[in-house]
file structure01.txt (compact mmCIF, C-alpha atoms and all ligand atoms)
# COMPACT_ATOMS: atom_id res chain seq x y z
CA MET A 6 9.70 8.67 39.84
CA ASP A 7 7.69 6.32 42.04
CA ILE A 8 6.23 4.39 39.15
CA LEU A 9 9.72 3.17 38.20
CA GLU A 10 10.01 1.38 41.55
CA LYS A 11 6.44 0.23 42.15
CA ASN A 12 5.70 -3.41 41.21
CA ARG A 13 9.08 -3.80 39.53
CA ILE A 14 10.79 -7.11 40.07
CA PRO A 15 14.56 -7.23 39.56
CA LEU A 16 15.44 -9.34 36.51
CA ALA A 17 18.17 -7.35 34.77
CA PHE A 18 21.74 -6.75 35.83
CA THR A 19 21.96 -2.98 35.64
CA PRO A 20 23.51 -0.62 34.88
CA THR A 21 24.54 -2.40 31.69
CA PRO A 22 28.04 -1.47 30.46
CA LEU A 23 28.61 1.54 28.26
CA VAL A 24 31.62 0.87 26.04
CA GLU A 25 33.64 2.63 23.36
CA LEU A 26 33.77 1.00 19.93
CA LYS A 27 37.21 2.35 19.13
CA ARG A 28 38.19 0.06 16.30
CA LEU A 29 34.85 0.15 14.55
CA SER A 30 34.76 3.95 14.88
CA LYS A 31 38.19 4.17 13.29
CA ALA A 32 37.27 1.80 10.48
CA LEU A 33 34.26 3.98 9.68
CA GLY A 34 36.33 7.14 9.46
CA GLY A 35 36.44 8.45 13.00
CA VAL A 36 32.92 9.34 14.21
CA ARG A 37 32.90 8.31 17.88
CA ILE A 38 30.55 5.38 18.50
CA VAL A 39 29.73 4.08 21.96
CA MET A 40 27.54 1.10 22.71
CA LYS A 41 25.07 0.55 25.53
CA ARG A 42 25.27 -3.18 26.14
CA ASP A 43 21.66 -4.13 26.78
CA ASP A 44 22.51 -7.49 25.25
CA LEU A 45 24.09 -8.03 28.68
CA THR A 46 20.96 -7.55 30.80
CA GLY A 47 21.73 -11.07 31.95
CA LEU A 48 18.45 -12.97 31.98
CA ALA A 49 18.66 -15.98 29.65
CA LEU A 50 21.30 -14.49 27.33
CA GLY A 51 19.95 -10.97 27.73
CA GLY A 52 18.29 -8.35 25.58
CA ASN A 53 16.01 -5.33 25.78
CA LYS A 54 12.85 -7.25 26.71
CA THR A 55 14.28 -8.02 30.16
CA ARG A 56 13.93 -4.37 31.16
CA LYS A 57 10.27 -4.35 30.09
CA LEU A 58 9.62 -7.66 31.84
CA GLU A 59 10.72 -6.25 35.19
CA PHE A 60 7.53 -4.18 35.10
CA LEU A 61 5.28 -6.61 33.20
CA ILE A 62 6.01 -9.66 35.36
CA GLY A 63 5.85 -7.40 38.42
CA ASP A 64 2.36 -6.35 37.36
CA ALA A 65 1.29 -9.96 36.69
CA LEU A 66 2.41 -11.02 40.17
CA GLN A 67 0.75 -8.03 41.77
CA LYS A 68 -2.53 -8.98 40.04
CA GLY A 69 -2.26 -12.56 41.31
CA CYS A 70 -1.96 -14.16 37.86
CA ASP A 71 -0.43 -17.62 37.49
CA THR A 72 0.14 -17.84 33.72
CA ILE A 73 1.80 -15.56 31.18
CA ILE A 74 0.70 -15.45 27.54
CA THR A 75 2.70 -13.65 24.91
CA ALA A 76 3.50 -13.88 21.21
CA GLY A 77 6.15 -13.31 18.59
CA ALA A 78 7.99 -14.66 15.59
CA ALA A 79 9.43 -18.17 15.81
CA GLN A 80 12.87 -16.80 16.75
CA SER A 81 11.41 -14.15 19.08
CA ASN A 82 13.87 -12.81 21.64
CA HIS A 83 10.96 -11.32 23.53
CA CYS A 84 9.35 -14.74 23.91
CA ARG A 85 12.61 -16.35 25.07
CA GLN A 86 13.15 -13.70 27.75
CA THR A 87 9.49 -13.91 28.79
CA ALA A 88 9.74 -17.69 29.15
CA ALA A 89 12.82 -17.28 31.36
CA ALA A 90 11.22 -14.53 33.46
CA ALA A 91 8.11 -16.68 33.95
CA ALA A 92 10.28 -19.61 35.04
CA TYR A 93 12.08 -17.36 37.52
CA ALA A 94 8.80 -16.03 38.90
CA GLY A 95 7.16 -19.48 39.09
CA LEU A 96 4.51 -18.77 36.46
CA TYR A 97 3.27 -20.94 33.59
CA CYS A 98 4.13 -19.54 30.18
CA TYR A 99 2.33 -19.89 26.83
CA LEU A 100 4.02 -18.59 23.70
CA VAL A 101 2.08 -18.04 20.48
CA LEU A 102 4.80 -18.26 17.84
CA GLY A 103 4.56 -17.53 14.13
CA GLY A 104 5.22 -20.39 11.73
CA SER A 105 5.03 -24.08 12.39
CA GLU A 106 7.10 -26.41 14.54
CA PRO A 107 10.53 -26.51 12.86
CA GLU A 108 12.18 -29.81 12.04
CA GLN A 109 15.40 -28.63 13.62
CA ILE A 110 14.81 -26.98 17.00
CA ASN A 111 17.48 -24.32 17.55
CA GLY A 112 18.20 -20.75 18.65
CA ASN A 113 15.46 -19.16 20.72
CA VAL A 114 12.99 -22.01 20.20
CA LEU A 115 15.40 -24.41 21.88
CA LEU A 116 15.69 -22.02 24.83
CA ASP A 117 11.89 -21.53 25.05
CA LYS A 118 11.59 -25.28 25.45
CA LEU A 119 14.31 -25.44 28.09
CA PHE A 120 12.33 -22.88 30.09
CA ASN A 121 9.35 -25.24 29.78
CA ALA A 122 7.17 -22.76 27.88
CA GLU A 123 4.12 -24.20 26.14
CA ILE A 124 4.36 -23.28 22.45
CA VAL A 125 1.32 -22.74 20.24
CA TRP A 126 2.31 -22.49 16.55
CA SER A 127 0.21 -19.90 14.76
CA ALA A 128 1.27 -19.99 11.07
CA GLU A 129 1.32 -16.49 9.52
CA ASN A 130 0.17 -14.78 12.76
CA ARG A 131 3.24 -13.65 14.65
CA LYS A 132 1.86 -10.62 16.44
CA GLY A 133 -0.48 -12.22 18.92
CA GLU A 134 -3.64 -12.42 16.79
CA GLN A 135 -4.50 -15.72 18.47
CA ILE A 136 -3.97 -14.57 22.04
CA PRO A 137 -7.68 -13.85 22.85
CA LEU A 138 -8.67 -17.40 21.90
CA LEU A 139 -5.95 -18.89 24.08
CA TYR A 140 -6.84 -16.53 26.93
CA ASP A 141 -10.45 -17.80 26.96
CA GLU A 142 -9.31 -21.39 26.84
CA LEU A 143 -6.91 -20.96 29.77
CA CYS A 144 -9.61 -19.17 31.80
CA SER A 145 -11.98 -22.07 31.20
CA ARG A 146 -9.27 -24.30 32.65
CA ARG A 147 -9.36 -22.14 35.80
CA LEU A 148 -5.98 -20.55 35.19
CA LYS A 149 -5.43 -16.83 35.73
CA PRO A 150 -3.64 -15.67 32.61
CA TYR A 151 -1.84 -12.36 32.13
CA ILE A 152 -1.41 -11.11 28.58
CA ILE A 153 1.84 -9.47 27.55
CA PRO A 154 1.40 -8.00 24.07
CA TYR A 155 3.74 -8.78 21.20
CA GLY A 156 7.15 -7.26 22.02
CA GLY A 157 6.07 -6.34 25.55
CA SER A 158 5.20 -2.93 24.13
CA ASN A 159 2.52 -1.34 26.24
CA ALA A 160 2.70 1.52 28.74
CA ILE A 161 3.89 -0.87 31.46
CA GLY A 162 6.67 -2.47 29.41
CA ALA A 163 7.83 0.91 28.06
CA LEU A 164 8.73 1.93 31.62
CA GLY A 165 11.77 -0.32 31.24
CA TYR A 166 13.21 2.09 28.68
CA VAL A 167 12.23 5.19 30.61
CA ALA A 168 14.43 3.77 33.37
CA ALA A 169 17.11 2.72 30.86
CA CYS A 170 17.40 6.25 29.45
CA ILE A 171 17.76 7.70 32.93
CA GLU A 172 20.42 5.06 33.66
CA MET A 173 22.29 6.03 30.47
CA MET A 174 22.21 9.72 31.40
CA GLN A 175 23.69 8.94 34.81
CA GLN A 176 26.49 6.93 33.19
CA LEU A 177 27.27 9.73 30.73
CA LYS A 178 27.39 12.24 33.57
CA LYS A 179 29.83 10.10 35.50
CA LEU A 180 32.02 9.76 32.42
CA LYS A 181 31.75 13.53 31.85
CA THR A 182 30.62 12.98 28.30
CA SER A 183 27.44 13.39 26.26
CA VAL A 184 25.96 11.91 23.11
CA ASP A 185 24.59 13.68 20.06
CA ALA A 186 22.46 10.84 18.76
CA MET A 187 21.25 7.47 19.90
CA VAL A 188 20.49 4.75 17.39
CA PHE A 189 18.55 1.54 17.99
CA ALA A 190 16.31 -1.03 16.33
CA SER A 191 12.60 -0.20 16.57
CA SER A 192 10.04 -2.90 15.95
CA SER A 193 7.08 -3.06 18.31
CA GLY A 194 7.82 0.45 19.57
CA GLY A 195 8.16 0.01 23.35
CA THR A 196 11.86 0.70 23.38
CA HIS A 197 11.44 3.80 21.23
CA ALA A 198 8.49 5.14 23.26
CA GLY A 199 10.28 4.51 26.56
CA LEU A 200 13.43 6.27 25.36
CA LEU A 201 11.38 9.29 24.22
CA VAL A 202 9.81 9.61 27.66
CA GLY A 203 13.08 8.90 29.47
CA ALA A 204 14.78 11.57 27.35
CA ALA A 205 12.08 14.11 28.17
CA SER A 206 12.40 13.38 31.89
CA SER A 207 16.19 13.46 32.00
CA HIS A 208 16.85 16.43 29.70
CA TYR A 209 18.58 14.46 26.96
CA THR A 210 19.00 16.83 24.04
CA GLY A 211 20.52 14.64 21.31
CA ARG A 212 18.71 12.96 18.47
CA ILE A 213 16.70 9.77 19.04
CA ILE A 214 16.94 7.66 15.89
CA GLY A 215 14.92 4.48 15.60
CA ILE A 216 15.76 2.19 12.72
CA LYS A 217 12.57 0.55 11.57
CA ILE A 218 12.97 -3.22 11.30
CA ASP A 219 9.61 -4.33 10.03
CA LYS A 220 7.40 -3.05 7.21
CA ASP A 221 3.93 -2.06 8.46
CA GLU A 222 2.09 -4.50 6.18
CA SER A 223 0.81 -6.85 8.86
CA THR A 224 -0.42 -4.24 11.32
CA SER A 225 -3.50 -2.07 11.27
CA GLN A 226 -1.64 1.13 12.15
CA SER A 227 1.77 2.59 11.34
CA LEU A 228 4.61 2.15 13.81
CA ASP A 229 5.09 5.93 14.00
CA LYS A 230 1.52 6.32 15.23
CA SER A 231 1.86 3.48 17.75
CA ILE A 232 5.07 4.97 19.15
CA VAL A 233 3.51 8.41 19.56
CA GLU A 234 0.44 6.97 21.32
CA LEU A 235 2.52 4.74 23.55
CA ALA A 236 4.93 7.55 24.45
CA GLY A 237 1.98 9.80 25.29
CA GLN A 238 0.39 7.19 27.55
CA THR A 239 3.70 6.34 29.21
CA ALA A 240 4.52 10.01 29.87
CA GLU A 241 1.06 10.52 31.39
CA ASP A 242 1.53 7.50 33.68
CA CYS A 243 4.92 8.88 34.74
CA GLY A 244 3.49 12.33 35.37
CA ILE A 245 5.79 13.86 32.77
CA LYS A 246 4.52 16.76 30.72
CA ALA A 247 5.66 16.17 27.15
CA LEU A 248 3.99 16.30 23.78
CA PHE A 249 4.90 13.73 21.13
CA LYS A 250 3.97 14.17 17.49
CA GLU A 251 4.42 11.92 14.48
CA GLU A 252 6.29 14.69 12.65
CA SER A 253 8.85 15.06 15.41
CA ILE A 254 9.79 11.44 16.00
CA TYR A 255 12.65 10.05 13.96
CA LEU A 256 11.88 6.56 12.70
CA ASP A 257 13.99 5.70 9.68
CA ALA A 258 12.22 3.28 7.35
CA SER A 259 15.01 3.09 4.75
CA TYR A 260 16.55 -0.10 6.04
CA CYS A 261 13.70 -2.63 6.09
CA GLY A 262 15.40 -4.43 3.20
CA ALA A 263 13.59 -7.50 1.97
CA GLY A 264 11.42 -7.60 5.10
CA TYR A 265 11.34 -8.87 8.65
CA GLY A 266 13.97 -11.47 9.45
CA ILE A 267 15.51 -11.56 5.98
CA VAL A 268 19.26 -11.04 6.06
CA GLY A 269 20.71 -9.01 3.19
CA ASP A 270 24.21 -7.76 2.34
CA ALA A 271 23.88 -4.73 4.63
CA GLU A 272 22.99 -6.76 7.73
CA ARG A 273 25.68 -9.33 6.95
CA GLU A 274 28.32 -6.59 6.63
CA ALA A 275 27.26 -4.89 9.87
CA ILE A 276 27.37 -8.17 11.79
CA GLN A 277 30.76 -9.06 10.32
CA LEU A 278 32.34 -5.63 10.94
CA THR A 279 31.15 -5.49 14.55
CA ALA A 280 32.37 -9.03 15.17
CA ARG A 281 35.76 -8.51 13.52
CA TYR A 282 36.56 -5.06 14.91
CA GLU A 283 35.01 -5.33 18.36
CA GLY A 284 34.50 -8.99 19.18
CA ILE A 285 30.81 -8.21 19.72
CA LEU A 286 27.92 -10.25 18.35
CA LEU A 287 24.98 -8.46 16.78
CA ASP A 288 21.87 -10.37 15.72
CA PRO A 289 20.50 -11.05 12.22
CA VAL A 290 17.02 -9.53 12.68
CA TYR A 291 17.30 -6.35 14.77
CA THR A 292 20.72 -5.08 15.79
CA GLY A 293 22.39 -6.20 12.55
CA ARG A 294 19.87 -4.12 10.63
CA ALA A 295 20.08 -1.15 13.00
CA MET A 296 23.89 -1.15 12.83
CA ALA A 297 23.67 -1.37 9.04
CA GLY A 298 21.56 1.78 9.20
CA LEU A 299 24.08 3.51 11.45
CA ILE A 300 26.97 2.53 9.16
CA ASP A 301 25.08 3.84 6.13
CA MET A 302 24.33 7.14 7.89
CA VAL A 303 28.00 7.53 8.81
CA ARG A 304 29.00 6.88 5.19
CA ARG A 305 26.45 9.39 3.96
CA LYS A 306 27.85 11.95 6.43
CA LYS A 307 24.61 12.31 8.39
CA PHE A 308 26.72 12.96 11.48
CA SER A 309 29.46 15.50 11.99
CA ASN A 310 32.95 14.22 12.75
CA SER A 311 32.87 15.57 16.29
CA ASP A 312 29.60 13.76 17.12
CA THR A 313 29.29 10.93 19.61
CA ILE A 314 26.73 8.32 18.64
CA LEU A 315 25.32 5.84 21.11
CA PHE A 316 24.16 2.52 19.71
CA TRP A 317 21.76 0.55 21.91
CA HIS A 318 22.67 -3.12 21.59
CA THR A 319 19.26 -4.60 22.30
CA GLY A 320 20.39 -8.25 22.17
CA GLY A 321 19.23 -11.08 19.95
CA ALA A 322 22.41 -13.06 19.35
CA PRO A 323 20.79 -16.43 20.21
CA SER A 324 19.01 -16.35 16.85
CA LEU A 325 22.40 -16.26 15.04
CA PHE A 326 22.42 -20.04 15.36
CA SER A 327 19.34 -20.39 13.19
CA TYR A 328 20.84 -18.20 10.43
CA SER A 329 24.16 -19.92 9.73
CA SER A 330 23.64 -20.31 5.99
CA GLU A 331 22.70 -16.63 5.53
CA LEU A 332 25.58 -15.22 7.54
CA LEU A 333 28.64 -16.82 6.00
C1 LIG J 1 12.39 -6.74 20.32
C2 LIG J 1 13.74 -6.35 19.90
C3 LIG J 1 14.00 -5.05 19.43
C4 LIG J 1 12.93 -4.03 19.21
O1 LIG J 1 12.39 -3.48 20.37
P1 LIG J 1 10.90 -2.94 20.36
O2 LIG J 1 10.69 -2.42 21.71
O3 LIG J 1 10.04 -4.12 20.01
O4 LIG J 1 10.79 -1.89 19.31
C5 LIG J 1 15.29 -4.73 19.10
N1 LIG J 1 16.29 -5.63 19.20
C6 LIG J 1 16.07 -6.88 19.63
C7 LIG J 1 17.22 -7.82 19.68
C8 LIG J 1 14.79 -7.29 19.99
O5 LIG J 1 14.59 -8.55 20.40
call {"tool": "encode", "arguments": {"input": "structure01.txt", "output": "structure tokens", "more": "lines below"}}
Ligand SMILES: *Cc1c(COP(=O)(O)O)cnc(C)c1O
result
Amino acid sequence: MDILEKNRIPLAFTPTPLVELKRLSKALGGVRIVMKRDDLTGLALGGNKTRKLEFLIGDALQKGCDTIITAGAAQSNHCRQTAAAAAYAGLYCYLVLGGSEPEQINGNVLLDKLFNAEIVWSAENRKGEQIPLLYDELCSRRLKPYIIPYGGSNAIGALGYVAACIEMMQQLKKLKTSVDAMVFASSSGGTHAGLLVGAASSHYTGRIIGIKIDKDESTSQSLDKSIVELAGQTAEDCGIKALFKEESIYLDASYCGAGYGIVGDAEREAIQLTARYEGILLDPVYTGRAMAGLIDMVRRKKFSNSDTILFWHTGGAPSLFSYSSELL
């Protein structure tokens, strides 16, 4: 697929490792769990946004822009990786972050500042509501801004996970194995949409299970609908004939807990088990919650004992340092 090469700048170290979680699998009763280590994409402590940014920053450079604008929660992993990618590409970077300037600068906010990103604090708006205003202001200062939406989830960013799914299929083929289900955290939908399109293009036949991280409250449309639209657009851009429907995508909303970024017992247990059995760090907001969902599904026997489940580790560990009191 040409589109997966065009305007892509290399930011990620790929292929990311695919590893067996032998001890965790055993502790959970024997279902085989493997992990795709996209926390090791390399750029600025890694994560799934790096794959999207290869295409988004590539597009910004191709369009001759000099400034990146994006948005997220205060501890946004997307914003941290964007700030690093902008630094690498020699672009200015403005981050519109939810909340207000914290007294103690730590986790991703510390890293944003090290990458010299300009931070605009936007109180309860953490999904880019204030981007248009900032865009106009930067234009009036004769800059050429490029907007990356919240989470990097548009049809350009989603290409990162079309490519990732194809990469995974090649790894599985080499290892002469296959997976029956993949499980991952789904929040702004770009990862989910990209995987759906990548699966359609590479003949993946297992289940594609997104664990919903965020309740829909603060958005105008449901995540299911956004994912279907985004997958449709991405498939069209890739020249792949595939039909996506809300009824046929699997987005599990049972694990949103007390809401976005709030660590409960389930997330704490998932983070602790993965750390103690595998020496691998999950994060408090996304992968901790997604792994809690996977663990619950295993306990409820939603998989058969001969299944292989692939968990996408999408990164996020830098925010652990801003959650110390909730995690111990
Ligand atoms: C952004 C993010 C996700 C969710 O990916 P989306 O493409 O926004 O659905 C999952 N895990 C981590 C660590 C993230 O930063």
call {"tool": "atom_distance", "arguments": {"input": "structure01.txt", "atom1": "atom C6 of ligand LIG 1 (chain J)", "atom2": "atom CA of Tyr166 of chain A"}}
result
13.1 Å
call {"tool": "residues_near_ligand", "arguments": {"input": "structure01.txt", "ligand": "ligand LIG 1 (chain J)", "cutoff": "9 Å", "atoms": "all atoms listed in the file", "output": "PyMOL selection string"}}
result
chain A and resi 44+52-54+57+81-84+155-158+162-163+166+189-199+215+217-218+232+287-293+295+317-322
call {"tool": "residues_around", "arguments": {"input": "structure01.txt", "residues": "Glu252 of chain A", "least_positions_apart": "6", "cutoff": "12 Å", "atoms": "all atoms listed in the file", "output": "list in words"}}
result
Asp229, Lys230, Ile232 and Val233 of chain A
call {"tool": "residues_around", "arguments": {"input": "structure01.txt", "residues": "Glu123 of chain A", "least_positions_apart": "6", "cutoff": "12 Å", "atoms": "only C-alpha atoms", "output": "JSON list (two decimals) with C-alpha atoms, keeping the file's coordinate frame"}}
result
[["chain", "number", "residue", "atom", "x", "y", "z"],
["A", 72, "THR", "CA", 0.14, -17.84, 33.72],
["A", 73, "ILE", "CA", 1.80, -15.56, 31.18],
["A", 74, "ILE", "CA", 0.70, -15.45, 27.54],
["A", 75, "THR", "CA", 2.70, -13.65, 24.91],
["A", 76, "ALA", "CA", 3.50, -13.88, 21.21],
["A", 84, "CYS", "CA", 9.35, -14.74, 23.91],
["A", 85, "ARG", "CA", 12.61, -16.35, 25.07],
["A", 87, "THR", "CA", 9.49, -13.91, 28.79],
["A", 88, "ALA", "CA", 9.74, -17.69, 29.15],
["A", 91, "ALA", "CA", 8.11, -16.68, 33.95],
["A", 92, "ALA", "CA", 10.28, -19.61, 35.04],
["A", 96, "LEU", "CA", 4.51, -18.77, 36.46],
["A", 97, "TYR", "CA", 3.27, -20.94, 33.59],
["A", 98, "CYS", "CA", 4.13, -19.54, 30.18],
["A", 99, "TYR", "CA", 2.33, -19.89, 26.83],
["A", 100, "LEU", "CA", 4.02, -18.59, 23.70],
["A", 101, "VAL", "CA", 2.08, -18.04, 20.48],
["A", 102, "LEU", "CA", 4.80, -18.26, 17.84],
["A", 114, "VAL", "CA", 12.99, -22.01, 20.20],
["A", 116, "LEU", "CA", 15.69, -22.02, 24.83],
["A", 117, "ASP", "CA", 11.89, -21.53, 25.05],
["A", 139, "LEU", "CA", -5.95, -18.89, 24.08]]
call {"tool": "axis_aligned_box", "arguments": {"input": "structure01.txt", "around": "segment 300-304 of chain A", "padding_each_side": "4 Å", "output": "AutoDock Vina command-line options"}}
result
--center_x 26.7 --center_y 5.0 --center_z 7.2 --size_x 12.7 --size_y 13.0 --size_z 12.0
call {"tool": "closest_residue", "arguments": {"input": "structure01.txt", "among": "A:Lys41, A:Lys27, A:Arg56, A:Lys132", "to": "Arg13 of chain A", "atoms": "all atoms listed in the file"}}
result
A:Arg56
call {"tool": "atom_distance", "arguments": {"input": "structure01.txt", "atom1": "atom CA of Val39 of chain A", "atom2": "atom CA of Met296 of chain A"}}
result
12.0 Å
call {"tool": "closest_residue", "arguments": {"input": "structure01.txt", "among": "A:Ala236, A:Leu23, A:Val36, A:Ile8", "to": "Gln176 of chain A", "atoms": "all atoms listed in the file"}}
result
A:Leu23
call {"tool": "closest_residue", "arguments": {"input": "structure01.txt", "among": "A:Leu235, A:Leu61, A:Ala186, A:Ile136", "to": "Asn12 of chain A", "atoms": "all atoms listed in the file"}}
result
A:Leu61
call {"tool": "atom_distance", "arguments": {"input": "structure01.txt", "atom1": "atom CA of Cys243 of chain A", "atom2": "atom CA of Asn159 of chain A"}}
result
13.5 Å
call {"tool": "closest_residue", "arguments": {"input": "structure01.txt", "among": "A:Lys149, A:Thr239, A:Lys118, A:Met187", "to": "Thr210 of chain A", "atoms": "only C-alpha atoms"}}
result
A:Met187
call {"tool": "closest_residue", "arguments": {"input": "structure01.txt", "among": "A:Ser330, A:Gly211, A:Arg294, A:Gly244", "to": "Asp7 of chain A", "atoms": "all atoms listed in the file"}}
result
A:Gly244
call {"tool": "residues_near_point", "arguments": {"input": "structure01.txt", "point": "(9.8, 3.0, 41.9)", "cutoff": "12 Å", "atoms": "all atoms listed in the file", "output": "PyMOL selection string"}}
result
chain A and resi 6-15+59-60+63+164-165+167-168+243
call {"tool": "closest_residue", "arguments": {"input": "structure01.txt", "among": "A:Leu33, A:Ala90, A:Ala79, A:Val202", "to": "Gly47 of chain A", "atoms": "all atoms listed in the file"}}
result
A:Ala90
call {"tool": "residues_around", "arguments": {"input": "structure01.txt", "residues": "Ile38 of chain A", "least_positions_apart": "4", "cutoff": "10 Å", "atoms": "all atoms listed in the file", "output": "list of chain:residue names"}}
result
A:Val24, A:Glu25, A:Leu26, A:Lys27, A:Arg28, A:Leu29, A:Ser30, A:Lys31, A:Leu33, A:Val184, A:Ala186, A:Met187, A:Leu299, A:Asp312, A:Thr313, A:Ile314, A:Leu315, A:Phe316
call {"tool": "residues_near_point", "arguments": {"input": "structure01.txt", "point": "(20.9, -14.7, 4.3)", "cutoff": "6 Å", "atoms": "only C-alpha atoms", "output": "NGL selection string"}}
result
:A and (268-269 or 331-332)
call {"tool": "build_atoms", "arguments": {"input": "structure01.txt", "residues": "segment 107-123 of chain A", "atoms": "N, CA, C and O atoms", "output": "compact mmCIF listing (two decimals), in the frame of the given file"}}
result
# COMPACT_ATOMS: atom_id res chain seq x y z
N PRO A 107 9.44 -26.22 13.79
CA PRO A 107 10.53 -26.51 12.86
C PRO A 107 11.06 -27.94 13.03
O PRO A 107 10.95 -28.50 14.12
N GLU A 108 11.61 -28.47 11.95
CA GLU A 108 12.18 -29.81 12.04
C GLU A 108 13.38 -29.80 12.97
O GLU A 108 13.57 -30.68 13.80
N GLN A 109 14.20 -28.76 12.79
CA GLN A 109 15.40 -28.63 13.62
C GLN A 109 15.13 -27.56 14.67
O GLN A 109 14.97 -26.39 14.34
N ILE A 110 15.07 -27.95 15.92
CA ILE A 110 14.81 -26.98 17.00
C ILE A 110 16.14 -26.32 17.37
O ILE A 110 17.07 -27.00 17.80
N ASN A 111 16.24 -25.00 17.19
CA ASN A 111 17.48 -24.32 17.55
C ASN A 111 17.23 -22.88 17.97
O ASN A 111 16.09 -22.43 18.02
N GLY A 112 18.31 -22.16 18.27
CA GLY A 112 18.20 -20.75 18.65
C GLY A 112 17.21 -20.54 19.79
O GLY A 112 17.18 -21.31 20.76
N ASN A 113 16.39 -19.51 19.64
CA ASN A 113 15.46 -19.16 20.72
C ASN A 113 14.41 -20.23 21.00
O ASN A 113 13.94 -20.36 22.13
N VAL A 114 14.02 -20.98 19.98
CA VAL A 114 12.99 -22.01 20.20
C VAL A 114 13.51 -23.08 21.16
O VAL A 114 12.81 -23.54 22.06
N LEU A 115 14.77 -23.45 20.97
CA LEU A 115 15.40 -24.41 21.88
C LEU A 115 15.34 -23.89 23.32
O LEU A 115 14.98 -24.61 24.25
N LEU A 116 15.66 -22.60 23.48
CA LEU A 116 15.69 -22.02 24.83
C LEU A 116 14.28 -21.93 25.41
O LEU A 116 14.07 -22.23 26.59
N ASP A 117 13.30 -21.56 24.58
CA ASP A 117 11.89 -21.53 25.05
C ASP A 117 11.53 -22.88 25.67
O ASP A 117 10.88 -22.96 26.71
N LYS A 118 11.95 -23.93 24.98
CA LYS A 118 11.59 -25.28 25.45
C LYS A 118 12.33 -25.62 26.74
O LYS A 118 11.77 -26.26 27.63
N LEU A 119 13.58 -25.20 26.85
CA LEU A 119 14.31 -25.44 28.09
C LEU A 119 13.64 -24.75 29.28
O LEU A 119 13.66 -25.25 30.39
N PHE A 120 13.03 -23.59 29.01
CA PHE A 120 12.33 -22.88 30.09
C PHE A 120 10.93 -23.44 30.32
O PHE A 120 10.16 -22.91 31.09
N ASN A 121 10.62 -24.52 29.60
CA ASN A 121 9.35 -25.24 29.78
C ASN A 121 8.14 -24.42 29.36
O ASN A 121 7.05 -24.58 29.89
N ALA A 122 8.33 -23.51 28.40
CA ALA A 122 7.17 -22.76 27.88
C ALA A 122 6.35 -23.69 26.99
O ALA A 122 6.89 -24.56 26.32
N GLU A 123 5.05 -23.48 27.01
CA GLU A 123 4.12 -24.20 26.14
C GLU A 123 4.05 -23.40 24.83
O GLU A 123 3.75 -22.21 24.86
